[in-house]
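What follows is a set of notes on a single structure, which appears directly below.
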Amino acid sequence: MNQEAPQLDKLETAKENFINLLSELNDTQLHAFQEFVQEAIEKYHEEIHGQQHSDDIDTAEDMDVEQHDGSFQPVSDAKMMRLGRIIKDLRTKVPLSAEAPGEKTAIPQTPEFEGYTDQNTVHVDGFLFSEEDVDELCAEGKMSRNYCLDCNSKNTAPLNFISHSASVIQLQFLYQVALADKAKDKVIVDIGSRLGAVLYTGHLFTRARKLIGVEINEWFCKLQQDIIKKFKMDDRVSVLCKDIQTIPELISQEADIIIMNNVFQFFNELPVQQQIWKFIRNETKKKPGLLIVTLPSLQEQLREAGLSASKLLRGWVKEVKLTYDAGWFQEIHEDELEEIKQVHLYKVL
Ligand SMILES: C[S@@+](CC[C@H](N)C(=O)[O-])C[C@H]1O[C@@H](n2cnc3c(N)ncnc32)[C@H](O)[C@@H]1O
């Protein structure tokens with residue numbers, strides 16, 4: 001008796017059902033479903049085989065890897081206090097959500113943000129407010145961690161928090177560990193510089209020759225220019241109010257290091273995100289040795305943009321593997337450790 005026949009039937013039925021499912025979805029749902037399927041298959045293999053089986057995951061097989069050298073760059077208390085003054089000043093200049101007037105952002109339709117809606121999601125800037133600051137704001141009644149499901153009742157649910165800036169601990173890790181001995185005399189470009197968090201900390205924590213922010217939103221450009229002037233950082237820091245796609249030479253010629261903290265996802269439609277990522281790949285590829293810092297990993301960002309990470313990463317970059325839990329900072333909380341794990345470093349091949 002042919003044992004394989006029923007199995008083949010099952011496979012064909014599964015394929016047919018799958019295609020039928022796909023045909024019922026619109027473009028946005030299809031994208032979210034694709035993400036779901038990829039993740040579900042990875043998880044399934046992890047559970048069954050104790051290993052990951054995907055084309056698009058962060059493993060050494062996907063790309064060349066080298067180990068970070070473990071250097072560490074200390075930062076004085078005086079510099080941290082100066083940073084504190086910049087943050088305090090910024091808080092007086094932006095609304096609590098740290099959004100620009102009239103700014104439009106869209107919650108991505110990906111599994112990571114499943115269930116996030118405009119009603120249950122708040123924008124809290126991770127550079128301006130730490131978790132402890134948020135607790136204080138809640139105690140003062142200026143913010144809440146929960147929302148009421150049916151008014152006047154105790155039936156509440158936790159709100160989702162989204163930050164569009166890197167947090168201070170992420171920036172410390174980025175400059176003190178990831179780029180510790182690599183920033184001196186270099187030109188650092190922060191693509192999508194927003195409040196300027198990466199630029200101000202770069203000025204305080206490194207001896208980079210130039211720190212250039214590129215920001216498409218005019219209101220944020222003006223804000224950064226005011227802070228740069230007020231805190232006398234214009235000797236090395238500047239901001240270009242442009243779409244990064246209009247200044248390819250900044251990437252392919254001027255930059256030694258580029259930093260991208262989830263720049264495109266909330267701010268551009270999916271096809272535009274894909275176009276920008278291909279642009280970034282093309283321009284950075286013209287400069288072998290260029291360092292790229294991303295939050296979160298490039299693999300994750302490309303995947304979230306609906307692109308094949310393994311295909312795009314091949315022949316583009318190698319990852320410089322960072323050690324996150326080497327006790328770099330005293331009294332680091334578990335959630336802060338999770339935050340610094342978002343920081344990834346790559347070198348263009
Ligand atoms: C998540 S924020 C990054 C903030 C900052 N780099 C940090 O880490 O604190 C992304 C910023 O990129 C800007 N942006 C999005 N698309 C851009 C583009 N094509 N060119 C320049 N800026 C862009 C957005 O306006 C937004 O302010």
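In the structure tokens, the first chain shown is A, the next is B, and so on; residue numbers restart at 1 for each chain, and ligands run from 1 in the order shown.
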
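Excluding Leu159 of chain A itself and any same-chain residue fewer than 4 positions from it, the protein and nucleic acid residues within 8 Å of it, counting only C-alpha atoms, are Asn120, Thr121, Val122, Ser144, Arg145, Asn146 and Tyr147 of chain A.
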
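Proximal residues of ligand 1 are A:His164, A:Ser165, A:Ala166, A:Asp190, A:Ile191, A:Gly192, A:Ser193, A:Arg194, A:Ala197, A:Val198, A:Val214, A:Glu215, A:Ile216, A:Asn217, A:Lys242, A:Asp243, A:Ile244, A:Asn261, A:Asn262, A:Val263, A:Phe264, A:Phe267, by a cut-off of 6 Å on only C-alpha atoms and all ligand atoms.
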
Requested in this report: Can you work out which one of A:Cys221, A:Val320, A:Leu250, A:Leu83 has the shortest atom-to-atom distance to Thr201 of chain A, counting only C-alpha atoms?
Outcome: A:Leu83

Query raised in the report: Which distance in Å separates atom CA of Leu128 of chain A and atom CA of Met143 of chain A, to one decimal?
Result: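 Atom CA of Met143 of chain A lies at a distance of 14.2 Å from atom CA of Leu128 of chain A.
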
Query raised in the report: How many Å separate atom CA of Phe205 of chain A from atom CA of Val75 of chain A?
Result: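 For atom CA of Phe205 of chain A relative to atom CA of Val75 of chain A, the distance reads 6.2 Å.
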
Query raised in the report: Between A:Cys151, A:Leu11, A:Ala305, A:Ala178, which has the minimum distance to Gln34 of chain A (counting only C-alpha atoms)?
Result: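 Ranked by minimum distance to Gln34 of chain A, first place goes to A:Ala305.
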